[in-house]
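Reproduced below: protein_24.cif, with mmCIF, C-alpha atoms.
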data_start
loop_
_atom_site.label_atom_id
_atom_site.label_comp_id
_atom_site.auth_asym_id
_atom_site.auth_seq_id
_atom_site.Cartn_x
_atom_site.Cartn_y
_atom_site.Cartn_z
CA MET A 1 14.01 -13.67 24.35
CA LEU A 2 13.23 -10.88 21.89
CA ARG A 3 12.45 -11.41 18.22
CA ASP A 4 10.77 -9.44 15.45
CA ALA A 5 7.83 -10.87 13.55
CA ARG A 6 6.54 -9.52 10.23
CA ILE A 7 2.75 -9.81 10.03
CA TRP A 8 1.23 -9.93 6.54
CA PHE A 9 -2.34 -8.88 5.90
CA GLU A 10 -4.81 -7.67 3.30
CA LYS A 11 -6.71 -4.39 3.58
CA HIS A 12 -10.06 -4.16 1.82
CA ALA A 13 -11.61 -1.66 4.24
CA LYS A 14 -10.45 1.09 1.92
CA TYR A 15 -11.85 4.10 3.77
CA ILE A 16 -9.77 3.50 6.90
CA SER A 17 -6.89 5.99 7.02
CA HIS A 18 -3.34 4.92 7.79
CA LEU A 19 -3.53 6.51 11.24
CA ASP A 20 -6.76 4.67 12.03
CA LEU A 21 -5.26 1.43 10.70
CA ASN A 22 -2.28 1.90 13.00
CA ARG A 23 -4.58 2.33 15.99
CA PHE A 24 -6.73 -0.62 14.91
CA MET A 25 -3.74 -2.97 14.58
CA LEU A 26 -2.40 -1.91 17.97
CA ARG A 27 -5.76 -2.79 19.54
CA ALA A 28 -5.86 -6.05 17.58
CA VAL A 29 -2.46 -7.28 18.80
CA ARG A 30 -3.48 -6.42 22.34
CA ARG A 31 -6.79 -8.29 21.99
CA ALA A 32 -4.86 -11.25 20.57
CA LYS A 33 -2.74 -11.15 23.76
CA LEU A 34 0.55 -11.28 21.91
CA PRO A 35 3.60 -11.04 24.19
CA LEU A 36 4.64 -7.62 22.89
CA TRP A 37 7.87 -5.87 23.77
CA VAL A 38 7.25 -2.39 25.18
CA THR A 39 9.61 0.51 24.56
CA GLU A 40 11.47 2.07 27.46
CA GLY A 41 11.45 5.69 28.52
CA PHE A 42 8.94 8.24 29.78
CA ASN A 43 6.12 7.08 27.47
CA PRO A 44 6.43 3.30 26.99
CA HIS A 45 4.36 1.75 24.21
CA PRO A 46 4.29 -1.53 22.26
CA TYR A 47 6.66 -1.69 19.28
CA ILE A 48 4.72 -1.77 16.00
CA ASN A 49 6.07 -0.51 12.68
CA PHE A 50 4.27 -0.40 9.31
CA ALA A 51 5.93 -0.91 5.93
CA LEU A 52 4.40 1.78 3.71
CA PRO A 53 1.35 3.98 4.30
CA LEU A 54 -1.56 3.38 1.95
CA SER A 55 -3.61 6.27 0.58
CA LEU A 56 -7.20 6.60 1.71
CA GLY A 57 -9.53 4.78 -0.67
CA PHE A 58 -6.89 2.23 -1.74
CA GLU A 59 -6.94 -1.48 -1.04
CA SER A 60 -3.98 -3.82 -0.51
CA GLU A 61 -3.53 -7.56 -0.78
CA ASN A 62 0.08 -7.76 0.39
CA ASP A 63 0.72 -5.38 3.29
CA CYS A 64 2.73 -5.86 6.46
CA PHE A 65 3.87 -4.49 9.79
CA ASP A 66 6.51 -5.57 12.32
CA VAL A 67 6.07 -6.32 16.00
CA ARG A 68 8.61 -7.37 18.61
CA ILE A 69 7.66 -10.19 20.95
CA THR A 70 9.19 -11.34 24.22
CA GLU A 71 8.40 -15.07 24.09
CA ASP A 72 9.40 -17.90 21.78
CA MET A 73 5.86 -18.29 20.45
CA PRO A 74 5.51 -20.21 17.15
CA ASP A 75 4.41 -18.23 14.11
CA GLU A 76 1.40 -20.51 13.71
CA GLU A 77 0.10 -19.56 17.15
CA LEU A 78 0.74 -15.86 16.54
CA CYS A 79 -1.19 -16.10 13.28
CA GLU A 80 -4.12 -18.00 14.83
CA ARG A 81 -4.46 -15.49 17.68
CA LEU A 82 -4.52 -12.55 15.26
CA ARG A 83 -6.94 -14.18 12.83
CA ALA A 84 -9.38 -14.74 15.68
CA VAL A 85 -9.69 -10.98 16.33
CA MET A 86 -9.49 -9.59 12.76
CA PRO A 87 -12.53 -8.62 10.63
CA PRO A 88 -13.06 -10.21 7.19
CA GLU A 89 -12.03 -6.96 5.47
CA ILE A 90 -8.55 -7.06 7.05
CA PRO A 91 -7.46 -10.73 7.11
CA VAL A 92 -4.05 -11.82 8.35
CA THR A 93 -2.40 -13.94 5.64
CA GLY A 94 0.85 -15.03 7.30
CA ILE A 95 3.81 -14.31 9.55
CA SER A 96 7.50 -14.36 8.66
CA ALA A 97 10.84 -13.22 9.96
CA PRO A 98 11.83 -9.78 8.57
CA VAL A 99 14.34 -10.10 5.74
CA TYR A 100 14.65 -6.52 4.48
CA ALA A 101 14.25 -3.22 6.30
CA PHE A 102 11.27 -1.11 5.21
CA LYS A 103 13.63 1.52 3.78
CA LYS A 104 14.55 -1.02 1.07
CA ILE A 105 11.10 -0.66 -0.52
CA GLU A 106 11.47 1.35 -3.74
CA TYR A 107 8.50 0.34 -5.91
CA ALA A 108 4.93 -0.85 -5.59
CA ALA A 109 2.67 -2.71 -8.00
CA PHE A 110 -0.90 -1.48 -8.45
CA SER A 111 -3.98 -2.72 -10.29
CA LEU A 112 -6.48 -0.05 -11.38
CA PHE A 113 -10.00 -1.13 -12.32
CA PHE A 114 -11.87 1.18 -14.71
CA GLU A 115 -15.39 1.38 -16.07
CA SER A 116 -16.56 3.53 -18.98
CA GLU A 117 -19.93 4.65 -20.28
CA GLY A 118 -18.49 4.28 -23.78
CA SER A 119 -15.88 1.99 -25.30
CA ILE A 120 -12.96 1.05 -23.04
CA ASP A 121 -10.68 0.99 -26.09
CA GLU A 122 -10.02 4.73 -25.71
CA LEU A 123 -8.49 4.10 -22.29
CA GLY A 124 -6.31 1.36 -23.74
CA GLY A 125 -5.03 3.76 -26.37
CA PHE A 126 -4.30 6.42 -23.75
CA LEU A 127 -2.40 4.05 -21.46
CA THR A 128 -0.31 2.54 -24.24
CA GLY A 129 0.78 5.88 -25.66
CA ASP A 130 4.37 7.13 -25.69
CA THR A 131 3.78 9.75 -23.00
CA ILE A 132 1.30 10.27 -20.16
CA PRO A 133 1.57 13.83 -18.79
CA VAL A 134 0.42 14.18 -15.17
CA ARG A 135 0.53 16.90 -12.53
CA LYS A 136 2.51 15.96 -9.41
CA MET A 137 1.68 18.02 -6.34
CA GLY A 138 4.57 18.23 -3.88
CA LYS A 139 4.45 19.86 -0.45
CA LYS A 140 5.87 23.11 -1.83
CA ALA A 141 3.23 23.25 -4.60
CA ARG A 142 0.42 22.66 -2.12
CA LYS A 143 1.67 25.44 0.16
CA GLN A 144 1.89 27.85 -2.76
CA HIS A 145 -1.47 26.69 -4.18
CA SER A 146 0.17 26.02 -7.54
CA GLU A 147 -0.82 23.44 -10.17
CA GLY A 148 2.22 21.32 -9.38
CA GLU A 149 4.99 19.91 -11.56
CA LEU A 150 4.12 18.49 -14.98
CA ILE A 151 5.87 15.13 -15.43
CA ASP A 152 5.71 12.26 -17.89
CA LEU A 153 4.53 9.25 -15.91
CA MET A 154 6.01 6.89 -18.51
CA GLU A 155 9.50 8.01 -17.43
CA TYR A 156 8.83 6.66 -13.93
CA ALA A 157 6.66 3.59 -14.55
CA LYS A 158 8.56 0.32 -14.67
CA ARG A 159 5.54 -1.43 -16.10
CA LEU A 160 2.19 -0.34 -17.52
CA ASP A 161 -0.13 -2.95 -19.04
CA PHE A 162 -3.78 -2.67 -19.99
CA THR A 163 -6.33 -5.48 -20.30
CA ALA A 164 -9.87 -4.93 -21.55
CA GLN A 165 -12.47 -6.78 -19.48
CA GLY A 166 -15.44 -6.48 -21.79
CA GLU A 167 -16.59 -3.52 -23.86
CA SER A 168 -16.90 -1.06 -20.98
CA ALA A 169 -14.40 -2.24 -18.34
CA GLY A 170 -10.65 -2.59 -18.16
CA ARG A 171 -7.71 -3.14 -15.85
CA ALA A 172 -4.37 -1.32 -15.79
CA ASP A 173 -1.38 -2.89 -14.01
CA VAL A 174 1.39 -0.46 -13.19
CA ILE A 175 4.63 -0.45 -11.18
CA LEU A 176 5.54 2.96 -9.77
CA PRO A 177 8.20 4.37 -7.42
CA ALA A 178 7.19 4.07 -3.77
CA GLY A 179 8.98 4.48 -0.48
CA SER A 180 11.06 7.09 1.25
CA ARG A 181 13.18 8.28 -1.70
CA GLN A 182 10.51 8.77 -4.37
CA ASN A 183 6.79 8.23 -4.57
CA ILE A 184 4.39 8.44 -7.53
CA ASN A 185 0.75 8.03 -6.53
CA PRO A 186 -1.30 5.97 -9.06
CA GLN A 187 -4.16 8.41 -8.51
CA LEU A 188 -2.18 10.75 -10.82
CA LEU A 189 -2.70 8.24 -13.63
CA VAL A 190 -6.41 7.94 -12.81
CA THR A 191 -6.87 11.73 -12.82
CA ALA A 192 -5.00 12.14 -16.10
CA ALA A 193 -7.10 9.43 -17.78
CA GLU A 194 -10.40 10.84 -16.51
CA GLN A 195 -9.50 14.40 -17.54
CA THR A 196 -8.30 13.34 -20.98
CA LEU A 197 -11.11 10.93 -21.86
CA GLY A 198 -14.02 12.75 -20.25
CA GLY A 199 -16.56 12.23 -17.48
CA GLY A 200 -17.81 8.88 -18.77
CA LEU A 201 -14.70 7.13 -17.40
CA PHE A 202 -14.09 6.38 -13.74
CA CYS A 203 -11.84 4.18 -11.64
CA LYS A 204 -13.85 2.04 -9.24
CA ARG A 205 -10.95 0.37 -7.44
CA ILE A 206 -7.21 0.83 -6.79
CA LEU A 207 -5.42 -2.22 -5.38
CA ARG A 208 -1.79 -2.33 -4.25
CA SER A 209 -0.72 -5.87 -5.04
CA ALA A 210 2.98 -5.94 -4.09
CA LEU A 211 5.84 -4.08 -2.44
CA LEU A 212 9.08 -4.33 -4.40
CA LEU A 213 12.84 -3.82 -4.04
CA ASN A 214 14.99 -1.75 -6.39
CA ASP A 215 15.44 -4.72 -8.77
CA LEU A 216 11.64 -5.26 -8.74
CA SER A 217 11.94 -8.49 -6.73
CA ALA A 218 9.42 -9.02 -3.95
CA PHE A 219 9.97 -7.27 -0.63
CA CYS A 220 9.85 -9.72 2.27
#

Have the structure of the file written as structure tokens, please.
Amino acid sequence: MLRDARIWFEKHAKYISHLDLNRFMLRAVRRAKLPLWVTEGFNPHPYINFALPLSLGFESENDCFDVRITEDMPDEELCERLRAVMPPEIPVTGISAPVYAFKKIEYAAFSLFFESEGSIDELGGFLTGDTIPVRKMGKKARKQHSEGELIDLMEYAKRLDFTAQGESAGRADVILPAGSRQNINPQLLVTAAEQTLGGGLFCKRILRSALLLNDLSAFC
């Protein structure tokens, strides 16, 4: 009996690259002794497929990958086996049956945590303005060593809220395109804010909180 299982986890080890995370999870499912299905062909390997790569330095509280198993093992047992081999920085939060294919992901929600040596009100004014010009570096721009395309991030953001957390700290919550068709990295917003408001502002944490479908409902 073959079935796919979607494994949900958080990632707070933010300096692990996507490639290293892939290798780590493959070792973890092997250590957990899950009954994994192995691909056929000249180079057989366990089936494992991640939803959406996360940039280095980012955290996530709602990430997932799919595995294919060969036994009718309950989700509770799969979850317990994985939790026993995972570090605290990458906890497994649940297991479900896949509902949507990963290609259905079109947006992602992010929380950006800022600190400022001055008043955080300047950041609030910047983020609630009518336009936020940012430089988007595509593959062609990087090859040609150009400055990239100047875009207005407000034309792409489905949501952008700012909450002051004291006089010198604040949080921005933003929903941006993500996935195979279009992708806007929230680091563009961070860079634009830091360049506009000066060196006294910095972003101490970027957290991806949700993967979303085209209608902004939760991916599952």

Have a look at A:Met154, A:Arg205, A:Gly148, A:Glu10 and name the one nearest to Pro91 in chain A; count only C-alpha atoms.
->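 Result for the nearest residue to Pro91 in chain A: A:Glu10.
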
Might you pull out every residue within 8 Å of Glu117 in chain A, with all atoms listed in the file counted and same-chain residues fewer than 3 positions away left off, and present them as a PyMOL selection string?
-> chain A and resi 168+200-201

Resolved residues for the PyMOL selection byres ((chain A and resi 125) around 12) as a list of chain:residue names |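 Selection result, ordered by chain and number: A:Ser119, A:Ile120, A:Asp121, A:Glu122, A:Leu123, A:Gly124, A:Phe126, A:Leu127, A:Thr128, A:Gly129, A:Asp130, A:Thr131, A:Ile132, A:Asp161, A:Phe162, A:Thr163, A:Ala164, A:Gly170, A:Ala172, A:Ala193, A:Thr196, A:Leu197.
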
Please provide as a ChimeraX atom specification all residues within 7 Å of Ile48 in chain A, with the sequence filter that same-chain residues fewer than 6 positions apart are discarded (counting only C-alpha atoms).
-> /A:65-67

Any chance you can output those residues with C-alpha atoms as a CSV table (one decimal), in the frame of the given file?
chain,number,residue,atom,x,y,z
A,65,PHE,CA,3.9,-4.5,9.8
A,66,ASP,CA,6.5,-5.6,12.3
A,67,VAL,CA,6.1,-6.3,16.0

Translate the PyMOL selection byres ((chain A and resi 64) around 6), as applied to the file shown, into an explicit residue set as a PyMOL selection string.
-> chain A and resi 7-9+51+63+65

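Straight-line separation from CA of Lys103 in chain A to CA of Cys220 in chain A: 12.0 Å.
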
For the file shown, report as a list in words the outcome of the PyMOL selection byres ((chain A and resi 4) around 7) at residue level.
->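 Evaluating the PyMOL selection byres ((chain A and resi 4) around 7) on these coordinates yields Arg3, Ala5, Arg6, Asp66, Val67, Arg68, Ile69, Ala97 and Pro98 of chain A.
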
Select from range 60-173 of chain A every residue with an atom at most 8 Å from any atom of range 22-44 of chain A, then for each give the shortest pair of atoms and their distance in Å to one decimal, using all atoms listed in the file, rows by chain and rising number, as a tab-separated table.
residue	atom	partner	partner_atom	distance
A:Val67	CA	A:Leu36	CA	7.2
A:Arg68	CA	A:Trp37	CA	5.4
A:Ile69	CA	A:Leu36	CA	4.4
A:Thr70	CA	A:Pro35	CA	5.6
A:Glu71	CA	A:Pro35	CA	6.3
A:Leu78	CA	A:Leu34	CA	7.1
A:Arg81	CA	A:Ala32	CA	5.1
A:Leu82	CA	A:Ala32	CA	5.5
A:Ala84	CA	A:Ala32	CA	7.5
A:Val85	CA	A:Ala28	CA	6.4
A:Met86	CA	A:Ala28	CA	7.0

For the selection just defined, write its residues with C-alpha atoms to a file, as a compact mmCIF listing (two decimals), keeping the file's coordinate frame.
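Final output, part.txt:
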# COMPACT_ATOMS: atom_id res chain seq x y z
CA VAL A 67 6.07 -6.32 16.00
CA ARG A 68 8.61 -7.37 18.61
CA ILE A 69 7.66 -10.19 20.95
CA THR A 70 9.19 -11.34 24.22
CA GLU A 71 8.40 -15.07 24.09
CA LEU A 78 0.74 -15.86 16.54
CA ARG A 81 -4.46 -15.49 17.68
CA LEU A 82 -4.52 -12.55 15.26
CA ALA A 84 -9.38 -14.74 15.68
CA VAL A 85 -9.69 -10.98 16.33
CA MET A 86 -9.49 -9.59 12.76

Proximity to Glu89 in chain A - best of A:Ile16, A:Leu211, A:Ile175, A:Leu216, all atoms listed in the file | A:Ile16

Please identify all polymer residues within 12 Å of Glu106 in chain A, counting all atoms listed in the file, omitting same-chain residues fewer than 6 positions from it, and present them as a ChimeraX atom specification.
-> /A:51-52,100,156,158,175-184,210-219

How would the residues just chosen look if you wrote them out with C-alpha atoms as a PDB file, in the frame of the given file?
ATOM      1  CA  ALA A  51       5.930  -0.910   5.930  1.00  0.00           C
ATOM      2  CA  LEU A  52       4.400   1.780   3.710  1.00  0.00           C
ATOM      3  CA  TYR A 100      14.650  -6.520   4.480  1.00  0.00           C
ATOM      4  CA  TYR A 156       8.830   6.660 -13.930  1.00  0.00           C
ATOM      5  CA  LYS A 158       8.560   0.320 -14.670  1.00  0.00           C
ATOM      6  CA  ILE A 175       4.630  -0.450 -11.180  1.00  0.00           C
ATOM      7  CA  LEU A 176       5.540   2.960  -9.770  1.00  0.00           C
ATOM      8  CA  PRO A 177       8.200   4.370  -7.420  1.00  0.00           C
ATOM      9  CA  ALA A 178       7.190   4.070  -3.770  1.00  0.00           C
ATOM     10  CA  GLY A 179       8.980   4.480  -0.480  1.00  0.00           C
ATOM     11  CA  SER A 180      11.060   7.090   1.250  1.00  0.00           C
ATOM     12  CA  ARG A 181      13.180   8.280  -1.700  1.00  0.00           C
ATOM     13  CA  GLN A 182      10.510   8.770  -4.370  1.00  0.00           C
ATOM     14  CA  ASN A 183       6.790   8.230  -4.570  1.00  0.00           C
ATOM     15  CA  ILE A 184       4.390   8.440  -7.530  1.00  0.00           C
ATOM     16  CA  ALA A 210       2.980  -5.940  -4.090  1.00  0.00           C
ATOM     17  CA  LEU A 211       5.840  -4.080  -2.440  1.00  0.00           C
ATOM     18  CA  LEU A 212       9.080  -4.330  -4.400  1.00  0.00           C
ATOM     19  CA  LEU A 213      12.840  -3.820  -4.040  1.00  0.00           C
ATOM     20  CA  ASN A 214      14.990  -1.750  -6.390  1.00  0.00           C
ATOM     21  CA  ASP A 215      15.440  -4.720  -8.770  1.00  0.00           C
ATOM     22  CA  LEU A 216      11.640  -5.260  -8.740  1.00  0.00           C
ATOM     23  CA  SER A 217      11.940  -8.490  -6.730  1.00  0.00           C
ATOM     24  CA  ALA A 218       9.420  -9.020  -3.950  1.00  0.00           C
ATOM     25  CA  PHE A 219       9.970  -7.270  -0.630  1.00  0.00           C
TER      26      PHE A 219
END

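Take the candidates A:Lys11, A:Arg159, A:His45, A:Arg171 and check each one against Ala108 in chain A using all atoms listed in the file; the shortest distance goes to A:Arg159.
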
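Put simply, CA of Ser116 in chain A is 6.5 Å away from CA of Phe202 in chain A.
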
Looking at all atoms listed in the file, which of A:Glu155, A:Glu194, A:Asp173, A:Glu76 is the one that sits closest to Arg208 in chain A?
->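 Checking each candidate against Arg208 in chain A, we get A:Asp173 as the closest.
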
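Of the listed residues A:Met73, A:Ala101, A:Leu207, A:Leu112, the one whose atoms come nearest to Asn49 in chain A is A:Ala101, with distances taken using all atoms listed in the file.
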
CA of Pro87 in chain A to CA of Asn62 in chain A: how many Å, to one decimal?
->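 So the answer is 16.3 Å.
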
Please reconstruct the missing atoms of range 44-55 of chain A (target: all heavy atoms) and return them as an mmCIF file, in the coordinates of the input.
data_model
loop_
_atom_site.group_PDB
_atom_site.id
_atom_site.type_symbol
_atom_site.label_atom_id
_atom_site.label_comp_id
_atom_site.auth_asym_id
_atom_site.auth_seq_id
_atom_site.Cartn_x
_atom_site.Cartn_y
_atom_site.Cartn_z
ATOM 1 N N PRO A 44 6.279 4.644 27.581
ATOM 2 C CA PRO A 44 6.430 3.300 26.990
ATOM 3 C C PRO A 44 5.204 2.898 26.188
ATOM 4 O O PRO A 44 4.074 3.193 26.551
ATOM 5 C CB PRO A 44 6.620 2.402 28.219
ATOM 6 C CG PRO A 44 5.980 3.146 29.348
ATOM 7 C CD PRO A 44 6.191 4.595 29.055
ATOM 8 N N HIS A 45 5.449 2.228 25.051
ATOM 9 C CA HIS A 45 4.360 1.750 24.210
ATOM 10 C C HIS A 45 4.823 0.523 23.442
ATOM 11 O O HIS A 45 6.024 0.337 23.213
ATOM 12 C CB HIS A 45 3.887 2.847 23.254
ATOM 13 C CG HIS A 45 4.970 3.367 22.361
ATOM 14 N ND1 HIS A 45 5.826 4.378 22.749
ATOM 15 C CD2 HIS A 45 5.361 3.008 21.104
ATOM 16 C CE1 HIS A 45 6.687 4.636 21.774
ATOM 17 N NE2 HIS A 45 6.434 3.817 20.770
ATOM 18 N N PRO A 46 3.905 -0.339 23.024
ATOM 19 C CA PRO A 46 4.290 -1.530 22.260
ATOM 20 C C PRO A 46 4.955 -1.154 20.944
ATOM 21 O O PRO A 46 4.555 -0.192 20.285
ATOM 22 C CB PRO A 46 2.960 -2.255 22.032
ATOM 23 C CG PRO A 46 2.053 -1.727 23.086
ATOM 24 C CD PRO A 46 2.462 -0.312 23.320
ATOM 25 N N TYR A 47 5.964 -1.918 20.551
ATOM 26 C CA TYR A 47 6.660 -1.690 19.280
ATOM 27 C C TYR A 47 5.820 -2.244 18.140
ATOM 28 O O TYR A 47 5.500 -3.429 18.096
ATOM 29 C CB TYR A 47 8.032 -2.362 19.303
ATOM 30 C CG TYR A 47 8.733 -2.337 17.963
ATOM 31 C CD1 TYR A 47 9.423 -1.201 17.544
ATOM 32 C CD2 TYR A 47 8.706 -3.442 17.110
ATOM 33 C CE1 TYR A 47 10.073 -1.171 16.323
ATOM 34 C CE2 TYR A 47 9.343 -3.416 15.885
ATOM 35 C CZ TYR A 47 10.032 -2.280 15.498
ATOM 36 O OH TYR A 47 10.658 -2.254 14.280
ATOM 37 N N ILE A 48 5.434 -1.362 17.203
ATOM 38 C CA ILE A 48 4.720 -1.770 16.000
ATOM 39 C C ILE A 48 5.117 -0.803 14.892
ATOM 40 O O ILE A 48 5.117 0.411 15.091
ATOM 41 C CB ILE A 48 3.192 -1.803 16.221
ATOM 42 C CG1 ILE A 48 2.453 -2.233 14.953
ATOM 43 C CG2 ILE A 48 2.674 -0.471 16.723
ATOM 44 C CD1 ILE A 48 0.973 -2.514 15.180
ATOM 45 N N ASN A 49 5.495 -1.339 13.735
ATOM 46 C CA ASN A 49 6.070 -0.510 12.680
ATOM 47 C C ASN A 49 5.527 -0.974 11.328
ATOM 48 O O ASN A 49 5.674 -2.144 10.960
ATOM 49 C CB ASN A 49 7.593 -0.621 12.705
ATOM 50 C CG ASN A 49 8.266 0.363 11.778
ATOM 51 O OD1 ASN A 49 7.686 1.384 11.414
ATOM 52 N ND2 ASN A 49 9.487 0.061 11.370
ATOM 53 N N PHE A 50 4.878 -0.054 10.579
ATOM 54 C CA PHE A 50 4.270 -0.400 9.310
ATOM 55 C C PHE A 50 5.235 -0.171 8.150
ATOM 56 O O PHE A 50 6.098 0.696 8.196
ATOM 57 C CB PHE A 50 3.005 0.439 9.088
ATOM 58 C CG PHE A 50 1.818 -0.051 9.852
ATOM 59 C CD1 PHE A 50 1.682 0.252 11.204
ATOM 60 C CD2 PHE A 50 0.856 -0.835 9.246
ATOM 61 C CE1 PHE A 50 0.598 -0.203 11.928
ATOM 62 C CE2 PHE A 50 -0.235 -1.298 9.963
ATOM 63 C CZ PHE A 50 -0.366 -0.986 11.310
ATOM 64 N N ALA A 51 5.035 -0.959 7.085
ATOM 65 C CA ALA A 51 5.930 -0.910 5.930
ATOM 66 C C ALA A 51 5.787 0.383 5.151
ATOM 67 O O ALA A 51 6.730 1.161 5.016
ATOM 68 C CB ALA A 51 5.668 -2.107 5.017
ATOM 69 N N LEU A 52 4.593 0.641 4.598
ATOM 70 C CA LEU A 52 4.400 1.780 3.710
ATOM 71 C C LEU A 52 2.958 2.244 3.803
ATOM 72 O O LEU A 52 2.041 1.457 3.548
ATOM 73 C CB LEU A 52 4.717 1.364 2.260
ATOM 74 C CG LEU A 52 4.920 2.476 1.234
ATOM 75 C CD1 LEU A 52 6.135 3.324 1.583
ATOM 76 C CD2 LEU A 52 5.076 1.875 -0.161
ATOM 77 N N PRO A 53 2.727 3.496 4.187
ATOM 78 C CA PRO A 53 1.350 3.980 4.300
ATOM 79 C C PRO A 53 0.592 3.840 2.987
ATOM 80 O O PRO A 53 1.152 4.000 1.902
ATOM 81 C CB PRO A 53 1.526 5.462 4.679
ATOM 82 C CG PRO A 53 2.886 5.531 5.297
ATOM 83 C CD PRO A 53 3.719 4.518 4.570
ATOM 84 N N LEU A 54 -0.697 3.553 3.107
ATOM 85 C CA LEU A 54 -1.560 3.380 1.950
ATOM 86 C C LEU A 54 -2.547 4.541 1.895
ATOM 87 O O LEU A 54 -3.137 4.902 2.912
ATOM 88 C CB LEU A 54 -2.307 2.050 2.055
ATOM 89 C CG LEU A 54 -3.017 1.524 0.813
ATOM 90 C CD1 LEU A 54 -2.001 1.178 -0.274
ATOM 91 C CD2 LEU A 54 -3.837 0.290 1.161
ATOM 92 N N SER A 55 -2.713 5.125 0.727
ATOM 93 C CA SER A 55 -3.610 6.270 0.580
ATOM 94 C C SER A 55 -5.046 5.881 0.897
ATOM 95 O O SER A 55 -5.467 4.747 0.653
ATOM 96 C CB SER A 55 -3.533 6.826 -0.845
ATOM 97 O OG SER A 55 -2.239 7.307 -1.137
#
